[in-house]
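File shown: work25.pdb (PDB, C-alpha atoms, pLDDT in the B column).
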```pdb
ATOM      1  CA  MET A   1     -36.154-162.162  20.740  1.00 89.00           C
ATOM      2  CA  ALA A   2     -34.854-162.719  24.293  1.00 90.00           C
ATOM      3  CA  GLU A   3     -34.325-158.990  24.793  1.00 90.00           C
ATOM      4  CA  GLY A   4     -37.895-158.151  23.753  1.00 91.00           C
ATOM      5  CA  ILE A   5     -39.292-160.782  26.120  1.00 94.00           C
ATOM      6  CA  ALA A   6     -36.999-159.586  28.923  1.00 94.00           C
ATOM      7  CA  LYS A   7     -37.995-155.953  28.498  1.00 92.00           C
ATOM      8  CA  LYS A   8     -41.694-156.835  28.564  1.00 94.00           C
ATOM      9  CA  TYR A   9     -41.203-158.941  31.697  1.00 96.00           C
ATOM     10  CA  ILE A  10     -39.201-156.192  33.411  1.00 95.00           C
ATOM     11  CA  GLU A  11     -41.877-153.618  32.579  1.00 94.00           C
ATOM     12  CA  ARG A  12     -44.754-155.877  33.666  1.00 95.00           C
ATOM     13  CA  GLU A  13     -43.060-156.740  36.975  1.00 95.00           C
ATOM     14  CA  GLY A  14     -41.972-153.144  37.704  1.00 95.00           C
ATOM     15  CA  LEU A  15     -38.276-154.003  37.729  1.00 94.00           C
ATOM     16  CA  ALA A  16     -36.948-151.217  35.490  1.00 92.00           C
ATOM     17  CA  ASP A  17     -35.200-149.510  38.407  1.00 92.00           C
ATOM     18  CA  ARG A  18     -33.368-152.743  39.304  1.00 91.00           C
ATOM     19  CA  ILE A  19     -32.301-154.310  36.024  1.00 90.00           C
ATOM     20  CA  HIS A  20     -31.382-153.232  32.502  1.00 86.00           C
ATOM     21  CA  VAL A  21     -31.227-155.657  29.573  1.00 86.00           C
ATOM     22  CA  VAL A  22     -29.223-155.246  26.372  1.00 79.00           C
ATOM     23  CA  SER A  23     -28.912-157.699  23.518  1.00 79.00           C
ATOM     24  CA  SER A  24     -25.882-158.066  21.285  1.00 71.00           C
ATOM     25  CA  GLY A  25     -24.404-160.668  19.017  1.00 70.00           C
ATOM     26  CA  THR A  26     -21.029-162.324  19.350  1.00 59.00           C
ATOM     27  CA  LEU A  27     -20.778-162.881  15.596  1.00 53.00           C
ATOM     28  CA  VAL A  28     -22.135-159.560  14.285  1.00 47.00           C
ATOM     29  CA  GLY A  29     -19.840-158.303  11.551  1.00 50.00           C
ATOM     30  CA  GLN A  30     -18.094-161.637  11.107  1.00 52.00           C
ATOM     31  CA  ASP A  31     -19.779-162.827   7.930  1.00 54.00           C
ATOM     32  CA  ASP A  32     -16.340-163.216   6.365  1.00 58.00           C
ATOM     33  CA  ASN A  33     -15.517-165.834   9.000  1.00 70.00           C
ATOM     34  CA  LEU A  34     -18.362-168.272   8.319  1.00 81.00           C
ATOM     35  CA  SER A  35     -17.451-171.841   9.142  1.00 83.00           C
ATOM     36  CA  ASP A  36     -17.554-174.348   6.301  1.00 90.00           C
ATOM     37  CA  ASP A  37     -20.559-176.026   7.959  1.00 89.00           C
ATOM     38  CA  ARG A  38     -22.385-172.679   8.133  1.00 87.00           C
ATOM     39  CA  VAL A  39     -21.598-171.993   4.446  1.00 91.00           C
ATOM     40  CA  ARG A  40     -23.087-175.399   3.565  1.00 92.00           C
ATOM     41  CA  GLN A  41     -26.234-174.723   5.646  1.00 90.00           C
ATOM     42  CA  ILE A  42     -26.725-171.286   4.120  1.00 90.00           C
ATOM     43  CA  LEU A  43     -26.298-172.622   0.600  1.00 93.00           C
ATOM     44  CA  GLU A  44     -28.837-175.382   1.300  1.00 91.00           C
ATOM     45  CA  HIS A  45     -31.310-172.692   2.336  1.00 89.00           C
ATOM     46  CA  GLY A  46     -30.368-170.745  -0.781  1.00 90.00           C
ATOM     47  CA  VAL A  47     -31.352-173.710  -2.956  1.00 89.00           C
ATOM     48  CA  ALA A  48     -34.670-173.956  -1.105  1.00 86.00           C
ATOM     49  CA  TYR A  49     -35.335-170.248  -1.774  1.00 85.00           C
ATOM     50  CA  GLY A  50     -34.552-170.514  -5.466  1.00 86.00           C
ATOM     51  CA  TRP A  51     -31.093-169.010  -5.511  1.00 89.00           C
ATOM     52  CA  ARG A  52     -29.054-170.114  -8.495  1.00 86.00           C
ATOM     53  CA  GLY A  53     -25.496-171.260  -7.987  1.00 85.00           C
ATOM     54  CA  CYS A  54     -26.055-172.575  -4.468  1.00 87.00           C
ATOM     55  CA  ILE A  55     -25.608-176.280  -5.080  1.00 91.00           C
ATOM     56  CA  LEU A  56     -22.330-177.046  -3.376  1.00 90.00           C
ATOM     57  CA  ASP A  57     -19.871-179.517  -4.857  1.00 92.00           C
ATOM     58  CA  GLN A  58     -18.248-180.584  -1.576  1.00 90.00           C
ATOM     59  CA  LYS A  59     -15.238-182.229  -3.226  1.00 93.00           C
ATOM     60  CA  ARG A  60     -14.533-179.150  -5.329  1.00 94.00           C
ATOM     61  CA  TYR A  61     -15.140-176.882  -2.320  1.00 94.00           C
ATOM     62  CA  SER A  62     -12.458-178.758  -0.367  1.00 92.00           C
ATOM     63  CA  GLY A  63      -9.841-178.653  -3.114  1.00 93.00           C
ATOM     64  CA  ASP A  64     -10.406-175.554  -5.275  1.00 94.00           C
ATOM     65  CA  SER A  65      -9.673-172.280  -3.456  1.00 94.00           C
ATOM     66  CA  ALA A  66     -11.244-170.100  -6.169  1.00 96.00           C
ATOM     67  CA  TYR A  67     -14.463-172.157  -6.048  1.00 95.00           C
ATOM     68  CA  LYS A  68     -14.436-172.014  -2.246  1.00 94.00           C
ATOM     69  CA  THR A  69     -14.102-168.210  -2.355  1.00 93.00           C
ATOM     70  CA  GLU A  70     -16.959-167.986  -4.875  1.00 94.00           C
ATOM     71  CA  MET A  71     -19.255-170.208  -2.804  1.00 94.00           C
ATOM     72  CA  ARG A  72     -18.449-168.333   0.411  1.00 93.00           C
ATOM     73  CA  ALA A  73     -19.359-165.068  -1.344  1.00 92.00           C
ATOM     74  CA  THR A  74     -22.617-166.615  -2.557  1.00 93.00           C
ATOM     75  CA  ALA A  75     -23.406-167.787   0.974  1.00 93.00           C
ATOM     76  CA  GLN A  76     -22.789-164.268   2.308  1.00 91.00           C
ATOM     77  CA  ARG A  77     -25.211-162.824  -0.270  1.00 92.00           C
ATOM     78  CA  VAL A  78     -27.876-165.405   0.608  1.00 93.00           C
ATOM     79  CA  LEU A  79     -27.382-164.667   4.302  1.00 90.00           C
ATOM     80  CA  THR A  80     -27.528-160.877   4.070  1.00 88.00           C
ATOM     81  CA  THR A  81     -30.205-160.462   1.396  1.00 91.00           C
ATOM     82  CA  THR A  82     -32.546-163.370   2.163  1.00 91.00           C
ATOM     83  CA  LEU A  83     -32.014-165.283   5.400  1.00 90.00           C
ATOM     84  CA  ARG A  84     -31.407-162.427   7.832  1.00 86.00           C
ATOM     85  CA  PRO A  85     -34.345-160.312   6.607  1.00 89.00           C
ATOM     86  CA  LEU A  86     -36.667-163.350   6.736  1.00 90.00           C
ATOM     87  CA  ASP A  87     -35.383-164.296  10.183  1.00 88.00           C
ATOM     88  CA  ALA A  88     -35.964-160.768  11.497  1.00 87.00           C
ATOM     89  CA  THR A  89     -39.488-160.697  10.047  1.00 90.00           C
ATOM     90  CA  PHE A  90     -40.460-164.056  11.558  1.00 92.00           C
ATOM     91  CA  ARG A  91     -38.970-163.136  14.950  1.00 90.00           C
ATOM     92  CA  GLU A  92     -40.929-159.876  14.938  1.00 92.00           C
ATOM     93  CA  LEU A  93     -44.135-161.721  13.979  1.00 93.00           C
ATOM     94  CA  ALA A  94     -43.669-164.275  16.771  1.00 94.00           C
ATOM     95  CA  LEU A  95     -43.166-161.454  19.287  1.00 94.00           C
ATOM     96  CA  GLN A  96     -46.131-159.451  17.969  1.00 95.00           C
ATOM     97  CA  GLN A  97     -48.363-162.434  18.740  1.00 95.00           C
ATOM     98  CA  ILE A  98     -47.794-161.710  22.445  1.00 95.00           C
ATOM     99  CA  GLY A  99     -47.972-157.949  22.139  1.00 94.00           C
ATOM    100  CA  ILE A 100     -44.280-157.177  21.819  1.00 92.00           C
ATOM    101  CA  VAL A 101     -43.318-154.771  19.072  1.00 89.00           C
ATOM    102  CA  TYR A 102     -39.591-154.935  19.075  1.00 74.00           C
ATOM    103  CA  PRO A 103     -37.475-154.150  16.029  1.00 69.00           C
ATOM    104  CA  HIS A 104     -34.185-155.856  16.830  1.00 67.00           C
ATOM    105  CA  GLU A 105     -31.001-154.051  15.909  1.00 71.00           C
ATOM    106  CA  ARG A 106     -27.883-156.137  15.338  1.00 66.00           C
ATOM    107  CA  LYS A 107     -25.129-154.905  17.665  1.00 76.00           C
ATOM    108  CA  LYS A 108     -21.788-156.559  18.296  1.00 78.00           C
ATOM    109  CA  THR A 109     -20.913-157.702  21.809  1.00 81.00           C
ATOM    110  CA  GLN A 110     -18.188-155.538  23.317  1.00 84.00           C
ATOM    111  CA  ALA A 111     -16.589-155.638  26.747  1.00 85.00           C
ATOM    112  CA  ARG A 112     -18.363-153.139  28.985  1.00 86.00           C
ATOM    113  CA  PRO A 113     -17.825-152.157  32.627  1.00 88.00           C
ATOM    114  CA  ASP A 114     -21.552-151.822  33.376  1.00 87.00           C
ATOM    115  CA  VAL A 115     -22.499-155.461  32.763  1.00 87.00           C
ATOM    116  CA  ASP A 116     -23.020-158.006  35.561  1.00 90.00           C
ATOM    117  CA  VAL A 117     -24.362-161.012  33.637  1.00 92.00           C
ATOM    118  CA  ILE A 118     -23.993-162.011  29.995  1.00 89.00           C
ATOM    119  CA  LEU A 119     -25.956-164.966  28.702  1.00 91.00           C
ATOM    120  CA  GLY A 120     -25.357-166.572  25.346  1.00 89.00           C
ATOM    121  CA  VAL A 121     -28.169-168.526  23.750  1.00 89.00           C
ATOM    122  CA  GLU A 122     -25.802-171.320  22.759  1.00 87.00           C
ATOM    123  CA  GLN A 123     -22.525-172.540  24.273  1.00 88.00           C
ATOM    124  CA  ASN A 124     -20.504-171.213  21.334  1.00 84.00           C
ATOM    125  CA  HIS A 125     -21.949-167.751  22.100  1.00 83.00           C
ATOM    126  CA  ALA A 126     -20.902-168.020  25.758  1.00 87.00           C
ATOM    127  CA  ASP A 127     -17.434-169.143  24.634  1.00 88.00           C
ATOM    128  CA  ALA A 128     -17.158-166.156  22.287  1.00 85.00           C
ATOM    129  CA  ILE A 129     -18.225-163.842  25.121  1.00 88.00           C
ATOM    130  CA  GLN A 130     -15.481-165.336  27.320  1.00 89.00           C
ATOM    131  CA  ASP A 131     -12.980-164.483  24.568  1.00 89.00           C
ATOM    132  CA  ILE A 132     -14.299-160.918  24.270  1.00 87.00           C
ATOM    133  CA  TYR A 133     -13.983-160.325  28.034  1.00 89.00           C
ATOM    134  CA  ARG A 134     -10.780-162.311  28.604  1.00 90.00           C
ATOM    135  CA  ASP A 135      -8.342-159.377  28.730  1.00 90.00           C
ATOM    136  CA  SER A 136     -10.848-156.593  29.379  1.00 90.00           C
ATOM    137  CA  GLY A 137     -10.394-156.212  33.125  1.00 90.00           C
ATOM    138  CA  TYR A 138     -14.167-156.745  33.574  1.00 90.00           C
ATOM    139  CA  TYR A 139     -15.511-159.892  35.173  1.00 90.00           C
ATOM    140  CA  PRO A 140     -19.219-160.434  34.536  1.00 90.00           C
ATOM    141  CA  THR A 141     -20.915-163.766  35.066  1.00 91.00           C
ATOM    142  CA  ILE A 142     -20.930-165.517  31.670  1.00 91.00           C
ATOM    143  CA  ASP A 143     -23.097-168.541  30.949  1.00 93.00           C
ATOM    144  CA  THR A 144     -25.737-169.852  28.576  1.00 93.00           C
ATOM    145  CA  LEU A 145     -29.258-168.568  29.089  1.00 94.00           C
ATOM    146  CA  ALA A 146     -30.778-171.985  29.791  1.00 96.00           C
ATOM    147  CA  GLN A 147     -27.974-173.079  32.134  1.00 96.00           C
ATOM    148  CA  TYR A 148     -28.100-169.826  34.116  1.00 96.00           C
ATOM    149  CA  ALA A 149     -31.886-170.062  34.360  1.00 97.00           C
ATOM    150  CA  GLY A 150     -31.587-173.575  35.782  1.00 97.00           C
ATOM    151  CA  ARG A 151     -33.154-175.188  32.718  1.00 97.00           C
ATOM    152  CA  PRO A 152     -30.173-176.700  30.844  1.00 96.00           C
ATOM    153  CA  GLU A 153     -32.461-179.192  29.115  1.00 97.00           C
ATOM    154  CA  ILE A 154     -33.969-176.381  27.021  1.00 96.00           C
ATOM    155  CA  ILE A 155     -32.292-176.181  23.631  1.00 93.00           C
ATOM    156  CA  PHE A 156     -32.740-173.217  21.310  1.00 91.00           C
ATOM    157  CA  PRO A 157     -32.724-174.445  17.702  1.00 85.00           C
ATOM    158  CA  ASP A 158     -31.591-172.086  14.979  1.00 81.00           C
ATOM    159  CA  ALA A 159     -34.836-171.221  13.183  1.00 82.00           C
ATOM    160  CA  MET A 160     -33.069-169.156  10.509  1.00 81.00           C
ATOM    161  CA  GLY A 161     -34.026-170.485   7.123  1.00 78.00           C
ATOM    162  CA  SER A 162     -37.410-171.774   8.226  1.00 81.00           C
ATOM    163  CA  LEU A 163     -40.482-170.324   6.593  1.00 80.00           C
ATOM    164  CA  LYS A 164     -42.701-171.683   9.354  1.00 88.00           C
ATOM    165  CA  ILE A 165     -43.952-169.185  11.910  1.00 93.00           C
ATOM    166  CA  ALA A 166     -44.525-172.195  14.182  1.00 94.00           C
ATOM    167  CA  ASP A 167     -40.735-172.673  14.441  1.00 94.00           C
ATOM    168  CA  TYR A 168     -40.334-169.091  15.634  1.00 94.00           C
ATOM    169  CA  VAL A 169     -43.286-169.358  18.014  1.00 96.00           C
ATOM    170  CA  ALA A 170     -41.714-172.497  19.523  1.00 95.00           C
ATOM    171  CA  LEU A 171     -38.446-170.600  19.906  1.00 94.00           C
ATOM    172  CA  ARG A 172     -40.263-167.665  21.526  1.00 96.00           C
ATOM    173  CA  LYS A 173     -42.035-169.979  23.971  1.00 97.00           C
ATOM    174  CA  LYS A 174     -38.690-171.352  25.132  1.00 97.00           C
ATOM    175  CA  PHE A 175     -37.460-167.809  25.735  1.00 96.00           C
ATOM    176  CA  GLU A 176     -40.672-167.075  27.659  1.00 97.00           C
ATOM    177  CA  ILE A 177     -39.760-169.906  30.039  1.00 97.00           C
ATOM    178  CA  VAL A 178     -36.088-169.155  30.685  1.00 97.00           C
ATOM    179  CA  VAL A 179     -35.854-165.354  30.461  1.00 97.00           C
ATOM    180  CA  PRO A 180     -37.956-164.660  33.600  1.00 97.00           C
ATOM    181  CA  LEU A 181     -36.034-167.353  35.494  1.00 97.00           C
ATOM    182  CA  ALA A 182     -32.710-165.797  34.497  1.00 96.00           C
ATOM    183  CA  ILE A 183     -33.889-162.311  35.478  1.00 96.00           C
ATOM    184  CA  GLN A 184     -35.076-163.519  38.883  1.00 96.00           C
ATOM    185  CA  LYS A 185     -31.800-165.355  39.476  1.00 95.00           C
ATOM    186  CA  ALA A 186     -29.797-162.220  38.644  1.00 93.00           C
ATOM    187  CA  LEU A 187     -31.963-160.092  40.935  1.00 93.00           C
ATOM    188  CA  ASN A 188     -31.610-162.551  43.835  1.00 91.00           C
ATOM    189  CA  ASP A 189     -27.879-163.231  43.440  1.00 86.00           C
ATOM    190  CA  PRO A 190     -26.087-161.696  46.466  1.00 81.00           C
ATOM    191  CA  GLN A 191     -22.796-161.522  44.554  1.00 76.00           C
ATOM    192  CA  LEU A 192     -24.434-159.397  41.865  1.00 71.00           C
ATOM    193  CA  SER A 193     -26.112-157.204  44.462  1.00 55.00           C
ATOM    194  CA  SER A 194     -22.705-156.380  45.922  1.00 50.00           C
ATOM    195  CA  ARG A 195     -21.461-155.225  42.485  1.00 51.00           C
ATOM    196  CA  ARG A 196     -24.281-152.691  42.093  1.00 48.00           C
TER     197      ARG A 196
END
```

Can you dump the structure from the file as C-alpha coordinates?
Amino acid sequence: MAEGIAKKYIEREGLADRIHVVSSGTLVGQDDNLSDDRVRQILEHGVAYGWRGCILDQKRYSGDSAYKTEMRATAQRVLTTTLRPLDATFRELALQQIGIVYPHERKKTQARPDVDVILGVEQNHADAIQDIYRDSGYYPTIDTLAQYAGRPEIIFPDAMGSLKIADYVALRKKFEIVVPLAIQKALNDPQLSSRR
(Lines of atoms letter the chains of each structure in order from A and count residues from 1; the text may use other names and numbers.)
(Lines give C-alpha, C1' and ligand atoms only; values in the text may rest on other atoms or scores of the structure.)
Protein backbone atom coordinates (compact mmCIF):
# COMPACT_ATOMS: atom_id res chain seq x y z
CA MET A 1 0.00 0.00 0.00
CA ALA A 2 2.84 2.40 0.88
CA GLU A 3 4.55 1.77 -2.45
CA GLY A 4 1.40 2.56 -4.43
CA ILE A 5 0.89 5.80 -2.50
CA ALA A 6 4.58 6.70 -2.90
CA LYS A 7 4.55 6.10 -6.65
CA LYS A 8 1.44 8.24 -7.09
CA TYR A 9 2.99 11.04 -5.02
CA ILE A 10 6.26 10.86 -6.95
CA GLU A 11 4.40 11.01 -10.27
CA ARG A 12 2.12 13.86 -9.16
CA GLU A 13 5.05 15.92 -7.85
CA GLY A 14 7.29 15.22 -10.87
CA LEU A 15 9.98 13.52 -8.79
CA ALA A 16 10.54 10.39 -10.90
CA ASP A 17 14.00 11.56 -11.97
CA ARG A 18 15.05 12.04 -8.33
CA ILE A 19 13.65 9.09 -6.42
CA HIS A 20 12.71 5.46 -7.03
CA VAL A 21 10.55 3.46 -4.63
CA VAL A 22 10.46 -0.32 -4.25
CA SER A 23 8.45 -2.35 -1.77
CA SER A 24 9.50 -5.68 -0.34
CA GLY A 25 8.69 -7.79 2.67
CA THR A 26 11.08 -8.90 5.37
CA LEU A 27 9.04 -12.04 6.07
CA VAL A 28 8.15 -13.12 2.52
CA GLY A 29 8.78 -16.84 2.19
CA GLN A 30 9.00 -17.41 5.93
CA ASP A 31 5.59 -18.94 6.54
CA ASP A 32 7.32 -21.93 8.13
CA ASN A 33 8.71 -19.61 10.80
CA LEU A 34 5.43 -18.21 12.13
CA SER A 35 5.63 -17.24 15.78
CA ASP A 36 3.29 -19.03 18.17
CA ASP A 37 1.39 -15.76 18.67
CA ARG A 38 0.96 -15.37 14.90
CA VAL A 39 -0.27 -18.99 14.61
CA ARG A 40 -2.86 -18.24 17.32
CA GLN A 41 -4.00 -15.03 15.56
CA ILE A 42 -4.29 -16.77 12.20
CA LEU A 43 -6.27 -19.64 13.68
CA GLU A 44 -8.64 -17.17 15.39
CA HIS A 45 -9.27 -15.60 11.99
CA GLY A 46 -9.73 -19.09 10.56
CA VAL A 47 -12.52 -19.77 13.06
CA ALA A 48 -14.17 -16.47 12.10
CA TYR A 49 -14.05 -17.46 8.41
CA GLY A 50 -15.55 -20.88 9.02
CA TRP A 51 -12.45 -23.01 8.79
CA ARG A 52 -12.80 -26.31 10.60
CA GLY A 53 -10.03 -27.48 12.88
CA CYS A 54 -8.88 -23.99 13.84
CA ILE A 55 -9.88 -23.95 17.49
CA LEU A 56 -6.57 -24.06 19.29
CA ASP A 57 -6.13 -26.04 22.49
CA GLN A 58 -3.33 -23.92 23.97
CA LYS A 59 -2.32 -26.50 26.59
CA ARG A 60 -2.09 -29.26 23.99
CA TYR A 61 -0.28 -26.91 21.58
CA SER A 62 2.39 -26.28 24.21
CA GLY A 63 2.96 -29.93 25.08
CA ASP A 64 2.16 -32.08 22.02
CA SER A 65 4.64 -31.63 19.16
CA ALA A 66 2.50 -33.54 16.64
CA TYR A 67 -0.53 -31.35 17.46
CA LYS A 68 1.64 -28.23 17.25
CA THR A 69 2.88 -29.29 13.79
CA GLU A 70 -0.70 -29.96 12.66
CA MET A 71 -1.97 -26.59 13.91
CA ARG A 72 0.96 -24.73 12.35
CA ALA A 73 0.17 -26.40 9.01
CA THR A 74 -3.49 -25.41 9.38
CA ALA A 75 -2.47 -21.82 10.12
CA GLN A 76 -0.29 -21.77 7.00
CA ARG A 77 -3.23 -22.97 4.87
CA VAL A 78 -5.54 -20.33 6.36
CA LEU A 79 -2.90 -17.66 5.75
CA THR A 80 -2.11 -18.57 2.15
CA THR A 81 -5.59 -19.51 0.90
CA THR A 82 -7.79 -17.06 2.81
CA LEU A 83 -6.10 -14.24 4.72
CA ARG A 84 -3.50 -13.12 2.18
CA PRO A 85 -5.91 -13.07 -0.78
CA LEU A 86 -8.49 -11.14 1.27
CA ASP A 87 -5.83 -8.73 2.52
CA ALA A 88 -4.60 -8.08 -1.02
CA THR A 89 -8.15 -7.49 -2.26
CA PHE A 90 -8.99 -5.03 0.52
CA ARG A 91 -5.69 -3.16 0.09
CA GLU A 92 -6.35 -2.85 -3.65
CA LEU A 93 -9.90 -1.61 -2.99
CA ALA A 94 -8.69 1.00 -0.50
CA LEU A 95 -6.12 2.25 -3.03
CA GLN A 96 -8.64 2.26 -5.90
CA GLN A 97 -10.78 4.67 -3.88
CA ILE A 98 -8.08 7.31 -4.46
CA GLY A 99 -7.36 6.36 -8.04
CA ILE A 100 -4.43 4.03 -7.49
CA VAL A 101 -4.54 0.75 -9.36
CA TYR A 102 -1.65 -1.13 -7.93
CA PRO A 103 -1.46 -4.91 -7.86
CA HIS A 104 1.10 -5.58 -5.15
CA GLU A 105 3.59 -8.36 -5.73
CA ARG A 106 5.15 -10.01 -2.69
CA LYS A 107 8.94 -9.74 -2.96
CA LYS A 108 11.47 -10.59 -0.28
CA THR A 109 13.79 -7.88 1.01
CA GLN A 110 17.36 -8.48 -0.12
CA ALA A 111 20.49 -6.43 0.44
CA ARG A 112 21.02 -4.17 -2.57
CA PRO A 113 23.73 -1.63 -3.39
CA ASP A 114 21.31 0.84 -5.00
CA VAL A 115 19.23 1.58 -1.90
CA ASP A 116 19.68 4.71 0.25
CA VAL A 117 16.74 4.42 2.66
CA ILE A 118 14.73 1.41 3.81
CA LEU A 119 11.67 1.96 5.94
CA GLY A 120 9.84 -0.80 7.73
CA VAL A 121 6.21 -0.27 8.64
CA GLU A 122 6.76 -1.73 12.10
CA GLN A 123 9.84 -1.90 14.33
CA ASN A 124 10.16 -5.66 13.85
CA HIS A 125 10.40 -5.01 10.09
CA ALA A 126 13.17 -2.45 10.61
CA ASP A 127 14.97 -4.93 12.88
CA ALA A 128 14.70 -7.65 10.23
CA ILE A 129 16.07 -5.22 7.62
CA GLN A 130 19.03 -4.49 9.91
CA ASP A 131 19.71 -8.25 10.03
CA ILE A 132 19.48 -8.56 6.24
CA TYR A 133 21.98 -5.72 5.70
CA ARG A 134 24.27 -6.48 8.65
CA ASP A 135 27.06 -8.24 6.73
CA SER A 136 26.20 -6.99 3.24
CA GLY A 137 28.74 -4.19 2.95
CA TYR A 138 25.88 -1.76 2.15
CA TYR A 139 24.85 0.92 4.60
CA PRO A 140 21.43 2.41 3.86
CA THR A 141 19.49 4.42 6.39
CA ILE A 142 17.11 1.96 8.11
CA ASP A 143 14.18 3.11 10.22
CA THR A 144 10.43 2.77 10.61
CA LEU A 145 8.30 4.74 8.18
CA ALA A 146 6.56 6.82 10.85
CA GLN A 147 9.77 7.55 12.79
CA TYR A 148 11.66 8.59 9.64
CA ALA A 149 8.75 10.78 8.56
CA GLY A 150 8.82 12.55 11.93
CA ARG A 151 5.44 11.14 12.98
CA PRO A 152 6.34 8.37 15.46
CA GLU A 153 2.90 8.62 17.06
CA ILE A 154 1.32 7.07 13.95
CA ILE A 155 0.81 3.35 14.42
CA PHE A 156 -0.02 1.03 11.54
CA PRO A 157 -2.34 -1.73 12.78
CA ASP A 158 -2.32 -5.07 11.02
CA ALA A 159 -5.63 -5.07 9.14
CA MET A 160 -5.16 -8.64 7.87
CA GLY A 161 -8.15 -10.68 8.87
CA SER A 162 -10.55 -7.76 8.89
CA LEU A 163 -13.47 -7.84 6.52
CA LYS A 164 -14.06 -4.12 6.97
CA ILE A 165 -12.94 -1.87 4.13
CA ALA A 166 -12.96 0.94 6.71
CA ASP A 167 -9.96 -0.69 8.45
CA TYR A 168 -8.01 -0.65 5.20
CA VAL A 169 -9.08 2.90 4.38
CA ALA A 170 -7.87 4.00 7.83
CA LEU A 171 -4.57 2.25 7.16
CA ARG A 172 -4.30 3.92 3.74
CA LYS A 173 -4.97 7.34 5.25
CA LYS A 174 -2.07 6.88 7.66
CA PHE A 175 0.20 6.01 4.74
CA GLU A 176 -1.06 9.10 2.90
CA ILE A 177 0.21 11.21 5.81
CA VAL A 178 3.66 9.70 6.35
CA VAL A 179 4.75 8.60 2.87
CA PRO A 180 5.03 12.15 1.42
CA LEU A 181 6.86 13.29 4.56
CA ALA A 182 9.34 10.43 4.27
CA ILE A 183 9.91 11.13 0.57
CA GLN A 184 10.54 14.82 1.21
CA LYS A 185 12.94 14.01 4.05
CA ALA A 186 14.91 11.64 1.81
CA LEU A 187 15.06 14.21 -0.99
CA ASN A 188 16.27 16.96 1.37
CA ASP A 189 18.80 14.85 3.30
CA PRO A 190 22.31 16.13 2.40
CA GLN A 191 23.88 12.81 3.41
CA LEU A 192 21.68 10.97 0.92
CA SER A 193 22.40 13.53 -1.78
CA SER A 194 26.11 12.82 -1.42
CA ARG A 195 25.50 9.08 -1.99
CA ARG A 196 23.76 9.68 -5.33

### Nearest to A:Gln110 by atom-to-atom distance, counting all atoms listed in the file, from A:Cys54, A:Ala94, A:Leu187, A:Ile129
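Once distances to A:Gln110 are computed over all atoms listed in the file, the minimum belongs to A:Ile129.
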
Leaving out stretch 145-159 of chain A and any residue of its chain fewer than 4 positions from it, which residues lie within 6 Å of it when counting only C-alpha atoms, given as a CSV table (one decimal) with C-alpha atoms, in the coordinates of the input?
```
chain,number,residue,atom,x,y,z
A,119,LEU,CA,-26.0,-165.0,28.7
A,120,GLY,CA,-25.4,-166.6,25.3
A,121,VAL,CA,-28.2,-168.5,23.8
A,178,VAL,CA,-36.1,-169.2,30.7
A,181,LEU,CA,-36.0,-167.4,35.5
A,182,ALA,CA,-32.7,-165.8,34.5
```

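The residue set within 9 Å of A:Met1, counting only C-alpha atoms and dropping same-chain residues fewer than 6 places from it, reads Ser23, Arg91, Glu92, Ala94, Leu95, Tyr102, His104, Leu171, Arg172 and Phe175 of chain A.
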
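Taken over the whole file, the PyMOL selection byres ((chain A and resi 116) around 8) covers exactly Asp114, Val115, Val117, Ile118, Tyr139, Pro140, Thr141, Leu192 and Arg195 of chain A.
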
### Query
Using the chain letters and numbers from the file, which residues does the PyMOL selection byres ((chain A and resi 16-19) around 9) grab, as a PyMOL selection string?
chain A and resi 7+10-11+13-15+20-21+183+186-187

#### Entry: Among the residues A:Ala2, A:Ile98, A:Ala66, A:Val78, the one that comes closest to A:Lys174 [using only C-alpha atoms]
A:Ala2

### Query
atom CA of A:Ile100 to atom CA of A:His45: how many Å, to one decimal?
28.1 Å

## Note on the structure
From atom CA of A:Asp57 to atom CA of A:Asp37 the spacing works out at 13.3 Å

### Task
Tell me which residues the PyMOL selection byres ((chain A and resi 38) around 12) grabs here, as a PyMOL selection string.
chain A and resi 31-37+39-45+71-72+75-76+78-79+158+160-161

### Query
Looking at A:Leu93, A:Arg77, A:Asp131, A:Lys59, which one is nearest to A:Asp167, with distances taken over only C-alpha atoms?
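Between A:Leu93, A:Arg77, A:Asp131, A:Lys59, the residue approaching A:Asp167 most closely is A:Leu93.
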
### One-decimal distance in Å that lies between atom CA of A:Gly50 and atom CA of A:Asp64
24.7 Å

As AutoDock Vina command-line options: centre and edge lengths in Å, one decimal, of the axis-aligned box holding stretch 37-53 of chain A with 8 Å per side:
```
--center_x -27.9 --center_y -172.5 --center_z -0.2 --size_x 30.8 --size_y 23.0 --size_z 32.6
```
